[in-house]
Each structure stands twice: as C-alpha cells, then as structure tokens.
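*Asks:* The structure file coords23.cif (mmCIF, C-alpha atoms) is provided below.
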data_target
#
loop_
_atom_site.label_atom_id
_atom_site.label_comp_id
_atom_site.auth_asym_id
_atom_site.auth_seq_id
_atom_site.Cartn_x
_atom_site.Cartn_y
_atom_site.Cartn_z
CA MET H 4 15.99 9.48 28.93
CA ILE H 5 17.02 8.48 25.42
CA PHE H 6 17.09 11.31 22.90
CA PRO H 7 14.25 10.86 20.32
CA PHE H 8 16.72 11.08 17.46
CA ILE H 9 18.49 7.97 18.81
CA ILE H 10 15.15 6.10 18.86
CA TYR H 11 14.49 7.12 15.24
CA LEU H 12 18.00 6.04 14.29
CA LEU H 13 17.54 2.68 16.01
CA ALA H 14 14.08 2.25 14.42
CA PHE H 15 15.90 2.25 11.07
CA VAL H 16 19.22 0.64 11.91
CA LEU H 17 17.91 -2.32 13.94
CA PRO H 18 15.56 -3.94 11.38
CA ALA H 19 17.99 -3.17 8.56
CA SER H 20 21.00 -4.74 10.26
CA ILE H 21 19.02 -7.78 11.52
CA SER H 22 17.62 -8.43 8.02
CA LEU H 23 20.95 -7.85 6.28
CA ALA H 24 22.67 -10.23 8.69
CA ILE H 25 20.10 -13.03 8.38
CA PHE H 26 19.13 -12.95 4.68
CA PRO H 27 22.33 -14.56 3.25
CA PHE H 28 22.03 -17.53 5.65
CA PHE H 29 18.28 -17.77 5.16
CA ILE H 30 18.65 -17.90 1.37
CA LYS H 31 21.28 -20.67 1.58
CA LYS H 32 19.17 -22.64 4.04
CA MET H 33 15.95 -22.38 2.02
CA LEU H 34 17.74 -23.48 -1.16
CA SER H 35 19.36 -26.42 0.65
CA ILE H 36 16.04 -27.69 2.08
CA GLY H 37 14.30 -27.29 -1.28
CA LYS H 38 12.08 -24.37 -0.29
CA TYR H 39 12.56 -22.46 -3.52
CA GLY H 40 10.54 -21.25 -6.46
CA ILE H 41 11.52 -21.04 -10.10
CA ASP H 42 11.83 -17.52 -11.49
CA ILE H 43 9.80 -18.07 -14.65
CA HIS H 44 10.64 -14.65 -16.09
CA LYS H 45 14.30 -15.55 -16.70
CA LYS H 46 15.80 -17.65 -19.48
CA GLU H 47 17.94 -19.63 -17.01
CA GLN H 48 14.88 -20.37 -14.83
CA PRO H 49 16.90 -19.88 -11.61
CA LYS H 50 15.93 -21.29 -8.26
CA VAL H 51 15.00 -18.52 -5.83
CA ALA H 52 14.54 -18.94 -2.07
CA GLU H 53 10.90 -18.57 -0.96
CA MET H 54 9.21 -17.00 2.09
CA GLY H 55 11.72 -14.18 2.61
CA GLY H 56 8.99 -12.40 4.55
CA ILE H 57 9.82 -14.58 7.55
CA VAL H 58 13.15 -12.77 7.97
CA THR H 59 11.41 -9.41 7.62
CA LEU H 60 8.83 -10.39 10.24
CA PHE H 61 11.56 -11.59 12.62
CA ALA H 62 13.53 -8.36 12.14
CA ILE H 63 10.43 -6.22 12.77
CA ILE H 64 9.43 -8.14 15.92
CA LEU H 65 12.94 -8.09 17.40
CA SER H 66 13.46 -4.39 16.64
CA SER H 67 10.04 -3.51 18.05
CA VAL H 68 10.77 -5.39 21.30
CA ILE H 69 14.04 -3.47 21.70
CA LEU H 70 12.32 -0.17 20.92
CA ILE H 71 9.50 -0.93 23.38
CA LEU H 72 12.15 -1.44 26.07
CA LEU H 73 13.87 1.83 25.18
CA VAL H 74 10.83 4.08 24.82
CA GLN H 75 9.85 5.69 28.12
CA GLU H 76 6.19 6.53 27.65
CA GLN H 77 3.72 3.74 28.46
CA SER H 78 1.22 4.67 25.72
CA MET H 79 4.00 4.64 23.09
CA LYS H 80 5.12 1.19 24.22
CA LEU H 81 1.55 -0.05 23.79
CA GLU H 82 1.15 1.65 20.39
CA ILE H 83 4.33 0.02 19.04
CA MET H 84 3.10 -3.30 20.47
CA VAL H 85 -0.28 -2.95 18.71
CA PHE H 86 1.47 -2.17 15.42
CA THR H 87 3.77 -5.17 15.78
CA ILE H 88 0.96 -7.58 16.76
CA THR H 89 -1.05 -6.43 13.72
CA LEU H 90 1.90 -7.20 11.44
CA THR H 91 2.56 -10.50 13.20
CA ILE H 92 -1.04 -11.68 12.63
CA ALA H 93 -0.78 -10.73 8.94
CA GLY H 94 2.61 -12.46 8.75
CA ILE H 95 1.29 -15.68 10.34
CA ILE H 96 -1.60 -15.72 7.84
CA GLY H 97 1.02 -15.26 5.10
CA ILE H 98 3.15 -18.12 6.45
CA ILE H 99 0.10 -20.41 6.54
CA ASP H 100 -0.77 -19.36 2.99
CA ASP H 101 2.79 -20.00 1.78
CA ILE H 102 2.87 -23.47 3.33
CA ARG H 103 -0.69 -24.53 2.60
CA PRO H 104 -2.47 -22.11 0.20
CA LEU H 105 -5.60 -20.56 1.66
CA GLY H 106 -8.53 -19.90 -0.62
CA ALA H 107 -8.91 -16.54 -2.36
CA ILE H 108 -11.85 -15.71 -0.10
CA MET H 109 -10.46 -17.26 3.09
CA LYS H 110 -7.29 -15.13 3.00
CA PRO H 111 -9.02 -11.69 3.07
CA ILE H 112 -11.47 -12.99 5.67
CA LEU H 113 -8.62 -14.12 7.92
CA LEU H 114 -6.89 -10.78 7.33
CA LEU H 115 -9.88 -9.05 8.94
CA LEU H 116 -8.46 -10.51 12.18
CA ALA H 117 -5.26 -8.50 11.73
CA ALA H 118 -7.21 -5.32 12.46
CA ALA H 119 -8.36 -6.73 15.82
CA PRO H 120 -5.41 -5.36 17.88
CA ILE H 121 -6.04 -1.85 16.52
CA ILE H 122 -9.79 -2.04 17.19
CA ILE H 123 -9.36 -3.49 20.69
CA SER H 124 -6.63 -1.02 21.67
CA GLY H 125 -8.64 2.00 20.52
CA TYR H 126 -5.43 3.70 19.32
CA PHE H 127 -7.16 5.43 16.45
CA THR H 128 -9.30 8.50 15.90
CA PRO H 129 -12.51 7.86 13.93
CA GLN H 130 -12.20 11.30 12.36
CA PRO H 131 -10.23 11.10 9.11
CA VAL H 132 -9.17 14.55 7.93
CA LEU H 133 -10.21 15.52 4.41
CA PRO H 134 -8.64 18.39 2.44
CA PHE H 135 -10.91 21.52 2.57
CA VAL H 136 -13.32 19.78 4.98
CA GLY H 137 -11.12 19.11 8.01
CA LYS H 138 -11.98 16.47 10.59
CA THR H 139 -14.97 14.32 9.69
CA ARG H 140 -17.17 12.60 12.24
CA LEU H 141 -17.47 9.00 11.11
CA THR H 142 -17.66 7.28 14.48
CA ILE H 143 -19.90 4.36 13.46
CA VAL H 144 -18.88 4.15 9.77
CA TYR H 145 -15.20 4.19 10.74
CA TYR H 146 -15.66 1.23 13.08
CA LEU H 147 -17.46 -0.64 10.28
CA LEU H 148 -14.68 0.08 7.77
CA LEU H 149 -11.76 -0.54 10.13
CA PRO H 150 -11.60 -4.37 9.81
CA PHE H 151 -11.31 -4.04 6.03
CA VAL H 152 -8.40 -1.57 6.06
CA ILE H 153 -5.67 -4.14 6.73
CA SER H 154 -7.30 -6.68 4.42
CA VAL H 155 -7.55 -4.24 1.49
CA THR H 156 -4.02 -2.84 1.80
CA SER H 157 -2.49 -6.31 2.32
CA ASN H 158 -4.21 -7.74 -0.73
CA SER H 159 -3.31 -4.71 -2.86
CA VAL H 160 0.38 -5.07 -1.98
CA ASN H 161 0.13 -8.84 -2.46
CA MET H 162 -1.23 -8.36 -5.98
CA ILE H 163 1.67 -6.07 -7.03
CA ASP H 164 4.26 -8.64 -5.88
CA VAL H 165 4.68 -10.22 -9.31
CA TYR H 166 8.14 -9.22 -10.49
CA ASN H 167 11.60 -8.99 -8.94
CA GLY H 168 11.62 -6.01 -6.60
CA SER H 169 8.18 -4.70 -7.62
CA MET H 170 6.59 -4.99 -4.19
CA ALA H 171 9.62 -3.81 -2.23
CA SER H 172 10.43 -0.79 -4.41
CA THR H 173 6.83 0.45 -4.63
CA THR H 174 6.43 0.02 -0.85
CA ILE H 175 9.66 1.98 -0.22
CA ILE H 176 8.42 4.87 -2.38
CA ILE H 177 5.01 4.87 -0.66
CA LEU H 178 6.65 4.83 2.79
CA VAL H 179 8.98 7.72 1.92
CA CYS H 180 6.00 9.77 0.70
CA ILE H 181 3.99 8.91 3.84
CA PHE H 182 6.99 9.93 5.97
CA ILE H 183 7.16 13.32 4.24
CA SER H 184 3.35 13.70 4.46
CA ASN H 185 3.39 12.87 8.18
CA GLY H 186 6.08 15.51 8.64
CA ILE H 187 3.99 18.08 6.78
CA ILE H 188 0.82 17.34 8.78
CA ASN H 189 2.35 16.83 12.23
CA GLY H 190 5.54 18.85 11.86
CA PHE H 191 9.08 17.60 11.30
CA GLN H 192 9.91 17.41 14.99
CA PHE H 193 12.91 15.28 15.74
CA THR H 194 13.14 16.45 19.35
CA THR H 195 9.85 14.78 20.33
CA LEU H 196 8.85 11.19 19.60
CA ASN H 197 6.16 10.49 17.03
CA THR H 198 5.15 6.82 16.88
CA THR H 199 4.10 7.09 13.22
CA ASN H 200 7.67 8.03 12.34
CA ILE H 201 8.87 4.96 14.27
CA TYR H 202 6.51 2.62 12.32
CA ILE H 203 7.53 4.16 9.01
CA LEU H 204 11.26 3.95 9.76
CA ILE H 205 10.98 0.31 10.89
CA MET H 206 9.11 -0.59 7.70
CA LEU H 207 11.42 1.49 5.48
CA ALA H 208 14.44 -0.35 6.87
CA ALA H 209 12.73 -3.73 6.50
CA ALA H 210 11.61 -2.96 2.94
CA PHE H 211 14.98 -1.56 1.89
CA SER H 212 16.99 -4.51 3.22
CA PHE H 213 14.52 -6.94 1.63
CA TRP H 214 14.73 -5.05 -1.68
CA LEU H 215 18.52 -5.51 -1.74
CA PHE H 216 17.97 -9.27 -2.03
CA ASN H 217 14.71 -9.19 -4.01
CA ARG H 218 15.68 -6.66 -6.72
CA TYR H 219 16.36 -7.88 -10.25
CA PRO H 220 17.73 -10.59 -10.43
CA ALA H 221 16.08 -11.77 -7.22
CA LYS H 222 17.82 -14.02 -4.72
CA VAL H 223 14.74 -14.33 -2.52
CA PHE H 224 10.96 -14.04 -2.96
CA ALA H 225 8.83 -12.41 -0.26
CA GLY H 226 6.04 -14.95 -0.49
CA ASP H 227 2.64 -14.03 0.88
CA THR H 228 4.36 -13.69 4.26
CA GLY H 229 6.28 -10.64 3.07
CA SER H 230 3.63 -8.98 0.95
CA LEU H 231 0.93 -9.32 3.61
CA ILE H 232 3.26 -7.85 6.27
CA PHE H 233 4.11 -4.81 4.14
CA GLY H 234 0.45 -4.34 3.14
CA ALA H 235 -0.71 -4.66 6.74
CA ALA H 236 1.93 -2.12 7.78
CA LEU H 237 0.60 0.44 5.28
CA GLY H 238 -2.96 -0.10 6.57
CA ALA H 239 -1.85 0.12 10.21
CA ILE H 240 0.19 3.29 9.55
CA ALA H 241 -2.86 4.84 7.82
CA VAL H 242 -5.11 4.18 10.83
CA LEU H 243 -2.70 4.64 13.75
CA GLY H 244 -1.02 7.67 12.14
CA LYS H 245 -4.32 9.30 11.09
CA LEU H 246 -3.05 9.34 7.50
CA GLU H 247 -5.92 7.44 5.85
CA ILE H 248 -6.42 9.74 2.86
CA VAL H 249 -2.67 10.22 2.26
CA VAL H 250 -2.13 6.44 2.16
CA ILE H 251 -5.10 5.88 -0.18
CA ILE H 252 -3.76 8.50 -2.62
CA ALA H 253 -0.19 7.11 -2.42
CA MET H 254 -1.52 3.62 -3.16
CA ILE H 255 -3.58 4.61 -6.25
CA PRO H 256 -1.62 2.38 -8.73
CA LEU H 257 -1.80 -0.63 -6.38
CA ILE H 258 -5.54 -0.14 -5.84
CA MET H 259 -6.02 0.26 -9.63
CA ASN H 260 -4.21 -3.05 -10.11
CA SER H 261 -6.49 -4.78 -7.61
CA PHE H 262 -9.60 -3.20 -9.19
CA GLY H 263 -8.51 -4.50 -12.59
CA ILE H 264 -7.77 -8.02 -11.41
CA ILE H 265 -10.90 -8.41 -9.26
CA SER H 266 -13.21 -7.02 -11.95
CA SER H 267 -11.70 -9.03 -14.82
CA VAL H 268 -11.65 -12.39 -13.06
CA LYS H 269 -15.07 -11.58 -11.58
CA GLY H 270 -14.39 -11.76 -7.89
CA LEU H 271 -11.61 -12.83 -5.60
CA LYS H 272 -9.52 -15.62 -7.09
CA GLU H 273 -6.24 -17.11 -5.96
CA ARG H 274 -3.25 -16.59 -8.31
CA ARG H 275 -3.06 -20.35 -8.83
CA GLU H 276 -6.76 -20.50 -9.80
CA ILE H 277 -6.34 -18.08 -12.72
CA LYS H 278 -5.60 -20.28 -15.70
CA VAL H 279 -4.57 -17.63 -18.22
CA ARG H 280 -1.59 -15.48 -17.27
CA PRO H 281 -1.81 -11.71 -17.93
CA THR H 282 1.69 -11.67 -19.41
CA SER H 283 3.93 -14.07 -21.31
CA MET H 284 7.57 -14.11 -22.38
CA THR H 285 8.86 -13.19 -25.84
CA GLU H 286 11.64 -15.18 -27.53
CA ASP H 287 14.22 -12.70 -26.23
CA TRP H 288 12.83 -13.04 -22.69
CA LYS H 289 10.94 -9.82 -22.46
CA LEU H 290 7.49 -9.53 -20.90
CA GLN H 291 4.51 -9.02 -23.21
CA ALA H 292 0.78 -8.67 -22.57
CA THR H 293 -1.19 -11.81 -23.50
CA ARG H 294 -3.85 -11.65 -26.18
CA ASP H 295 -6.20 -14.04 -24.40
CA SER H 296 -9.47 -12.34 -23.42
CA GLY H 297 -9.69 -14.57 -20.36
CA ALA H 298 -6.49 -13.14 -18.89
CA PRO H 299 -6.89 -10.85 -15.90
CA ILE H 300 -6.52 -7.13 -16.51
CA THR H 301 -3.46 -5.97 -14.59
CA LEU H 302 -1.29 -2.89 -14.26
CA ALA H 303 1.54 -4.87 -15.90
CA GLY H 304 -0.71 -5.61 -18.89
CA LEU H 305 -1.45 -1.92 -19.20
CA VAL H 306 2.23 -0.98 -19.02
CA LEU H 307 3.08 -3.61 -21.65
CA GLN H 308 0.32 -2.52 -24.02
CA LYS H 309 2.77 -0.52 -26.17
CA GLY H 310 5.19 -3.39 -26.58
CA PRO H 311 7.33 -5.87 -24.64
CA LEU H 312 9.66 -4.73 -21.87
CA ARG H 313 12.35 -6.35 -19.76
CA GLU H 314 11.20 -7.41 -16.30
CA ASP H 315 13.23 -4.70 -14.54
CA ASP H 316 11.78 -2.06 -16.89
CA VAL H 317 8.23 -3.10 -15.95
CA VAL H 318 9.21 -2.61 -12.30
CA LYS H 319 10.61 0.82 -13.21
CA ALA H 320 7.24 1.65 -14.81
CA PHE H 321 5.47 0.64 -11.57
CA ASN H 322 7.89 2.86 -9.66
CA ILE H 323 7.16 5.85 -11.91
CA LEU H 324 3.42 5.42 -11.31
CA VAL H 325 3.93 5.17 -7.54
CA ILE H 326 6.29 8.20 -7.55
CA ASN H 327 3.49 10.12 -9.28
CA SER H 328 0.83 9.00 -6.78
CA GLY H 329 3.29 9.61 -3.94
CA PHE H 330 3.75 13.17 -5.18
CA LEU H 331 -0.05 13.56 -5.18
CA SER H 332 -0.19 12.19 -1.63
CA ILE H 333 2.28 14.86 -0.52
CA ILE H 334 0.07 17.51 -2.15
CA THR H 335 -2.86 15.98 -0.23
CA ALA H 336 -0.86 16.29 2.99
CA ILE H 337 -0.12 19.97 2.25
CA LEU H 338 -3.84 20.59 1.61
CA ILE H 339 -4.77 18.81 4.85
CA TRP H 340 -2.24 20.93 6.75
CA VAL H 341 -3.57 24.13 5.15
CA THR H 342 -7.15 23.07 5.96
CA GLU H 343 -6.34 22.27 9.59
CA THR H 344 -4.19 25.35 10.13
CA PHE H 345 -6.05 28.09 8.28
CA LEU H 346 -9.46 27.03 6.98
CA VAL H 347 -11.24 25.12 9.75
CA LYS H 348 -12.95 27.48 12.13
CA MET I 30 16.06 1.27 -20.02
CA LYS I 31 16.23 4.73 -18.45
CA TYR I 32 13.27 5.91 -16.40
CA TYR I 33 12.49 8.88 -18.68
CA LYS I 34 12.19 6.57 -21.70
CA ILE I 35 9.41 4.60 -19.97
CA VAL I 36 7.31 7.64 -19.08
CA PRO I 37 5.67 8.11 -22.55
CA ARG I 38 4.09 4.63 -22.34
CA LEU I 39 2.51 5.54 -19.03
CA ARG I 40 0.75 8.73 -20.10
CA SER I 41 -2.78 7.33 -19.91
CA ILE I 42 -2.24 5.74 -16.50
CA ILE I 43 -0.60 8.89 -15.09
CA GLY I 44 -3.54 10.84 -16.54
CA LEU I 45 -5.95 8.54 -14.71
CA GLU I 46 -4.02 9.03 -11.47
CA PHE I 47 -4.32 12.82 -11.81
CA PHE I 48 -8.00 12.51 -12.70
CA VAL I 49 -8.68 10.37 -9.61
CA PHE I 50 -6.83 12.88 -7.45
CA VAL I 51 -8.55 15.96 -8.88
CA THR I 52 -12.03 14.38 -8.66
CA PHE I 53 -11.26 13.46 -5.05
CA LEU I 54 -10.39 17.08 -4.25
CA ALA I 55 -13.52 18.24 -6.09
CA ILE I 56 -15.66 15.89 -4.01
CA CYS I 57 -14.02 17.15 -0.80
CA GLU I 58 -14.84 20.72 -1.85
CA LEU I 59 -18.42 19.67 -2.70
CA ILE I 60 -18.78 18.08 0.74
CA ASN I 61 -17.50 21.29 2.25
CA ILE I 62 -19.82 23.59 0.28
CA LEU I 63 -22.98 21.48 0.07
CA ILE I 64 -22.89 19.57 3.33
CA VAL I 65 -20.61 21.02 6.00
CA ASN I 66 -21.39 24.70 5.38
CA LEU I 67 -25.11 24.34 4.60
CA ILE I 68 -26.14 22.15 7.52
CA PRO I 69 -26.54 24.30 10.63
CA ASN I 70 -25.41 23.49 14.16
CA THR I 71 -28.19 22.89 16.66
CA THR I 72 -28.59 22.10 20.34
CA ASP I 73 -31.75 20.02 19.70
CA THR I 74 -30.72 16.35 20.11
CA PHE I 75 -33.15 15.01 17.51
CA LEU I 76 -32.25 17.63 14.91
CA ALA I 77 -28.53 17.13 15.64
CA PHE I 78 -28.97 13.42 14.95
CA VAL I 79 -30.86 14.09 11.70
CA TYR I 80 -28.26 16.64 10.57
CA GLY I 81 -25.42 14.28 11.50
CA PHE I 82 -27.09 11.50 9.55
CA LEU I 83 -27.52 13.81 6.54
CA GLU I 84 -23.85 14.90 6.75
CA ILE I 85 -22.51 11.36 6.91
CA GLY I 86 -25.01 10.00 4.37
CA GLY I 87 -24.35 12.79 1.90
CA SER I 88 -20.58 12.51 2.26
CA ALA I 89 -20.70 8.73 1.97
CA ILE I 90 -22.72 9.00 -1.25
CA LEU I 91 -20.23 11.47 -2.74
CA VAL I 92 -17.21 9.36 -1.74
CA GLY I 93 -19.05 6.30 -3.08
CA VAL I 94 -19.59 8.08 -6.41
CA TRP I 95 -15.86 8.90 -6.50
CA LEU I 96 -14.92 5.27 -5.88
CA ILE I 97 -17.35 4.06 -8.57
CA ILE I 98 -15.98 6.59 -11.12
CA TRP I 99 -12.45 5.45 -10.27
CA TYR I 100 -13.40 1.79 -10.62
CA VAL I 101 -15.25 2.26 -13.92
CA LEU I 102 -12.47 4.35 -15.47
CA THR I 103 -9.75 1.91 -14.39
CA LYS I 104 -11.76 -0.96 -15.84
CA ARG I 105 -12.42 0.91 -19.10
CA LEU I 106 -8.81 1.99 -19.50
CA MET I 107 -7.57 -1.52 -18.95
CA LYS I 108 -10.16 -3.04 -21.29
CA ASN I 109 -9.47 -0.47 -24.00
CA SER I 110 -5.74 -1.06 -23.85
CA LYS I 111 -6.30 -4.77 -24.03
CA LEU I 112 -8.49 -4.39 -27.13
CA GLU I 113 -5.95 -2.02 -28.70
CA SER I 114 -3.09 -4.40 -28.15
CA ALA I 115 -5.13 -7.31 -29.51
CA ALA I 116 -6.05 -5.24 -32.60
CA LYS I 117 -2.41 -4.30 -33.15
CA LYS I 118 -1.38 -7.92 -33.16
#
I'd like the structure from this file rewritten - as structure tokens, please.

*Replies:*
Amino acid sequence: MIFPFIIYLLAFVLPASISLAIFPFFIKKMLSIGKYGIDIHKKEQPKVAEMGGIVTLFAIILSSVILILLVQEQSMKLEIMVFTITLTIAGIIGIIDDIRPLGAIMKPILLLLAAAPIIISGYFTPQPVLPFVGKTRLTIVYYLLLPFVISVTSNSVNMIDVYNGSMASTTIIILVCIFISNGIINGFQFTTLNTTNIYILIMLAAAFSFWLFNRYPAKVFAGDTGSLIFGAALGAIAVLGKLEIVVIIAMIPLIMNSFGIISSVKGLKERREIKVRPTSMTEDWKLQATRDSGAPITLAGLVLQKGPLREDDVVKAFNILVINSGFLSIITAILIWVTETFLVK
Amino acid sequence: MKYYKIVPRLRSIIGLEFFVFVTFLAICELINILIVNLIPNTTDTFLAFVYGFLEIGGSAILVGVWLIIWYVLTKRLMKNSKLESAAKK
C-alpha cells in the first residue's frame, strides 16, 4: 500500500514536472509553426505561443493515469477517472474553439456535455450544505442545475483570461482557498486519502507551472483550451468535493465579471464579435478604460476607473479581489463546519 | 506597483464582495428560520411532498432573490463607474 502522503506529493509533483519539462519545447515549436498570437498590450507587440492549455491537459491526463494505477481503492480510481474525463471533454472543446472558433452560444452548449461523466457516474451528493441550514434536499433541482455547473465555471474563467497571468494567478488563489476550505470541512487528514485533495493538488500544480510561463511578460497563452480546463476543474471540484457554496463564494469576482459582460453586451457574445474593446492603451502603454458606451462592462474596466494601470498591476488588482473572496470562502467553510458539527440536530 | 497601493482603488468592489457574502449568509439564516424550522416533519406521504415542495420552492425563491440582487448591484456598480470615468474625462 502506498502511503497517502506519497499520493498527495505525486498529485502535485507529476503534473508540475511534466508541464515544466514540456512547456519550453512547446513554446519553441508553436512559434516555429506560426501558431502564435500578438500580445497587444505591449509596446513591442511580441509574438506569444498559443494554446498552452494543450500541455496542461496532457500533464493532467498523464498524471491522472499514473495516480489511478497507484491508488488502491476502486471507487477512487473511478472518481479520478471521472474528473479527468470531464476536464478532457472541456479541453477538447477548447482545442476545437482555438482552431476553429465556435459561436458564443455553441461553446456553452457544448460545455454542458462536460458534465456528462459526473452525471452518469453519480459521484455527487445532491445535498449542498448551506451555512446555518446544513444539508439541503435538492434531488431534482440539483440534477437540473448540474449540466450548467461546468459550463458556468468554464466560461467565467475564460472571461477573466484577458491579461498575462490573470487566469492562472486567480485560479491558483481560488484553488488554495478551496484546499483550505476542504480541510476545514472534511478535516486535514493526510493519513487517509481524500480525492478532492488529489484533484486540487493536480490542478494547483498545473496552474502554477502554467503561470510560470504565462505571467507578465507572457511566453505562452492558455487559449480557450487552458481556460476551459481550469474552469471545468473548478466546477468538477465543487460538485465532486461537495464544495458548491465554497467555490461560488471564492469565484465572486469572476462571476461578477461574467455578469457585467453578459449584461452589457446583451447576451452571450464571442470575444471576436464585440467590436468595442473595454480597455485601450495609453501613450505610455498602460491600460485605460474606454469611454465608448458600447464597450462591455468588465472587472478590468472597473479596476481602471480611477486611472490607467500597467498590465501587471491590473492582474494584481484581480488577485486582491480573489484573495478577498477566497478569504470569504474560508469563512463560509468554517460556518459550514460549525453548522454540521454543532447546529444540525 | 505594490499590492497595498492598489487596494484603495478597489474599495467599492471589495465592498460589493462583502455585501454579496453577508446577504448570502442572511438568506441562509432566513431559510433556516422561516423554512427549515417552521415546516414540521410528517409521516403522511402527501403532506411530506407538499412540505418538501414548499421548502425547496421557498429556498429557491430566496436564493433567486440573492442572485438577482447580486446581478443588479454588479451591473449598477459597473455602469456608475463607467459614467463617472466618462464624466471625469
């Protein structure tokens, strides 16, 4: 039997080392075959390799296969498999979207499919726990909402992926807070295996190694492949780990961003379809909010309301907002623990 | 720029985050007081179904109200800031 701590260690080390080993070659290859985008927020307009999410997806799949082989319990093997298949479906949709852009409505519809492995497997409890209330009985409603979970979280993460490192750093913060929250609710037990910890550690490693190459100034973009994978992972962790409310609270800034965009452009629209950009560059290459009333309302626009900022400072502002919501998610976890331990009869 | 220097620009958004969180907790407490504690347990199948429906319906309405408040406030905050920045310029 392999000691649980070793599994946790491998859940972090495997995806991190695979990603760190592949990214430098991947970036070179993508630049050489002309699969790059121009970083429009820099004066030099550098070429940046696209579709970095492919490496992340590969690292997650390979690590999961190894972990499935190492884990003893059959149900845990299946749970890790369900998690990985969910992410793979989201990743494939992202790859298709990166190669041949899907419509703004088609993408979320296709993402409903990503929840299929979770629904079919039945590895979820349709009883989300609310602070003060305890377990709720939402059997039918939960089944109705389940297909939308992956779609909503994926699109929210996708919409925050606008600046160097913004998606990766906010995802890392959210994952750390979910990890702490999971520990508070289910106990920090490193002598027994908890599959939610495995998912979180895999994703933390993948996000951290991606961030190293995507942080300002970026060498690689995630593409929709990357953002949909990370978004799908947050949704899957929420459902499989019974952490629905904690994840919603941790994702408040990302959901606010999506609310703003969807309401201001009046429905779902693809990034390429929105003519007026929410931000523009100043003469000294800082980001500023655009004056145009037709521009979508975004979190970046809100942050830039009090004056222009450098791109990396806007990302820092996003991080502050996510640290705040992450802190609130940990408080939520404490309240859930108190409710389950002391208040529910 | 250092992190602490950025915080003052984010006051209104952080305020909204706290508001969303506190209203969520308030709604949870309301569900607990008005729905979970008031509706009795019964062995009658029909009544159990009606009570269950009332519990879920009532909770769904309250959570729906929370989501709408969140949506409206986010939209207002973003619109206001946009108008303010346009006026400044």

*Asks:* Show me, as an MDAnalysis selection string, every residue of chain I with an atom at most 10 Å from chain H, counting all atoms listed in the file.

*Replies:* chainID I and resid 30:43 45:47 49:51 53:62 64:66 81 84:85 88:89 99:118

*Asks:* Residues at most 6 Å from Ser230 in chain H, counting all atoms listed in the file, excluding those fewer than 3 positions away in the same chain, as a PyMOL selection string?

*Replies:* chain H and resi 160-161+227+233

*Asks:* Could you list, as a PyMOL selection string, every residue within 10 Å of Ile71 in chain H, counting all atoms listed in the file and ignoring same-chain residues fewer than 5 positions away?

*Replies:* chain H and resi 65-66+76-77+79-84

*Asks:* Can you give me, as a PDB file with C-alpha atoms, in the coordinates of the input, the residues this file yields under the PyMOL selection byres ((chain H and resi 148-159) around 6)?

*Replies:*
ATOM      1  CA  PRO H 111      -9.020 -11.690   3.070  1.00  0.00           C
ATOM      2  CA  LEU H 114      -6.890 -10.780   7.330  1.00  0.00           C
ATOM      3  CA  LEU H 115      -9.880  -9.050   8.940  1.00  0.00           C
ATOM      4  CA  ALA H 118      -7.210  -5.320  12.460  1.00  0.00           C
ATOM      5  CA  TYR H 145     -15.200   4.190  10.740  1.00  0.00           C
ATOM      6  CA  TYR H 146     -15.660   1.230  13.080  1.00  0.00           C
ATOM      7  CA  LEU H 147     -17.460  -0.640  10.280  1.00  0.00           C
ATOM      8  CA  VAL H 160       0.380  -5.070  -1.980  1.00  0.00           C
ATOM      9  CA  ASN H 161       0.130  -8.840  -2.460  1.00  0.00           C
ATOM     10  CA  MET H 162      -1.230  -8.360  -5.980  1.00  0.00           C
ATOM     11  CA  LEU H 231       0.930  -9.320   3.610  1.00  0.00           C
ATOM     12  CA  GLY H 234       0.450  -4.340   3.140  1.00  0.00           C
ATOM     13  CA  ALA H 235      -0.710  -4.660   6.740  1.00  0.00           C
ATOM     14  CA  GLY H 238      -2.960  -0.100   6.570  1.00  0.00           C
ATOM     15  CA  LEU H 257      -1.800  -0.630  -6.380  1.00  0.00           C
ATOM     16  CA  ILE H 258      -5.540  -0.140  -5.840  1.00  0.00           C
ATOM     17  CA  SER H 261      -6.490  -4.780  -7.610  1.00  0.00           C
TER      18      SER H 261
END

*Asks:* With 4 Å on each side, where is the centre of the axis-aligned box around all listed atoms of range 129-141 of chain H, and how long are its edges in Å to one decimal, as AutoDock Vina command-line options?

*Replies:*
--center_x -13.1 --center_y 14.7 --center_z 8.2 --size_x 16.8 --size_y 21.7 --size_z 19.5

*Asks:* Quick one: everything within 7 Å of Phe193 in chain H, counting only C-alpha atoms, minus sequence neighbours fewer than 2 positions away in the same chain. Send it as a compact mmCIF listing (two decimals) with C-alpha atoms, keeping the file's coordinate frame.

*Replies:*
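Listed below is the output, around_38.txt:
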# COMPACT_ATOMS: atom_id res chain seq x y z
CA PRO H 7 14.25 10.86 20.32
CA PHE H 8 16.72 11.08 17.46
CA PHE H 191 9.08 17.60 11.30
CA THR H 195 9.85 14.78 20.33
CA LEU H 196 8.85 11.19 19.60

*Asks:* Just write range 178-186 of chain H with N, CA, C and O atoms, as a short mmCIF file (atom, residue, chain, number, x, y, z; two decimals), in the first residue's frame, taken from the block above.

*Replies:*
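Listing of out36.cif after writing:
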data_model
loop_
_atom_site.label_atom_id
_atom_site.label_comp_id
_atom_site.auth_asym_id
_atom_site.auth_seq_id
_atom_site.Cartn_x
_atom_site.Cartn_y
_atom_site.Cartn_z
N LEU H 178 -7.91 27.92 -5.89
CA LEU H 178 -7.62 26.53 -5.54
C LEU H 178 -7.03 26.40 -4.13
O LEU H 178 -7.39 25.49 -3.38
N VAL H 179 -6.14 27.34 -3.78
CA VAL H 179 -5.55 27.30 -2.42
C VAL H 179 -6.66 27.46 -1.38
O VAL H 179 -6.72 26.72 -0.38
N CYS H 180 -7.57 28.43 -1.64
CA CYS H 180 -8.66 28.66 -0.68
C CYS H 180 -9.60 27.46 -0.61
O CYS H 180 -10.08 27.11 0.48
N ILE H 181 -9.85 26.80 -1.74
CA ILE H 181 -10.72 25.61 -1.74
C ILE H 181 -10.02 24.48 -0.96
O ILE H 181 -10.66 23.73 -0.23
N PHE H 182 -8.70 24.39 -1.13
CA PHE H 182 -7.93 23.35 -0.42
C PHE H 182 -8.07 23.54 1.09
O PHE H 182 -8.35 22.59 1.83
N ILE H 183 -7.90 24.79 1.53
CA ILE H 183 -8.03 25.09 2.96
C ILE H 183 -9.47 24.80 3.42
O ILE H 183 -9.70 24.16 4.46
N SER H 184 -10.44 25.25 2.60
CA SER H 184 -11.85 25.05 2.96
C SER H 184 -12.17 23.56 3.06
O SER H 184 -12.88 23.13 3.98
N ASN H 185 -11.66 22.77 2.11
CA ASN H 185 -11.90 21.33 2.14
C ASN H 185 -11.32 20.72 3.42
O ASN H 185 -11.93 19.86 4.05
N GLY H 186 -10.14 21.22 3.80
CA GLY H 186 -9.52 20.75 5.03
C GLY H 186 -10.36 21.09 6.24
O GLY H 186 -10.53 20.26 7.15
#
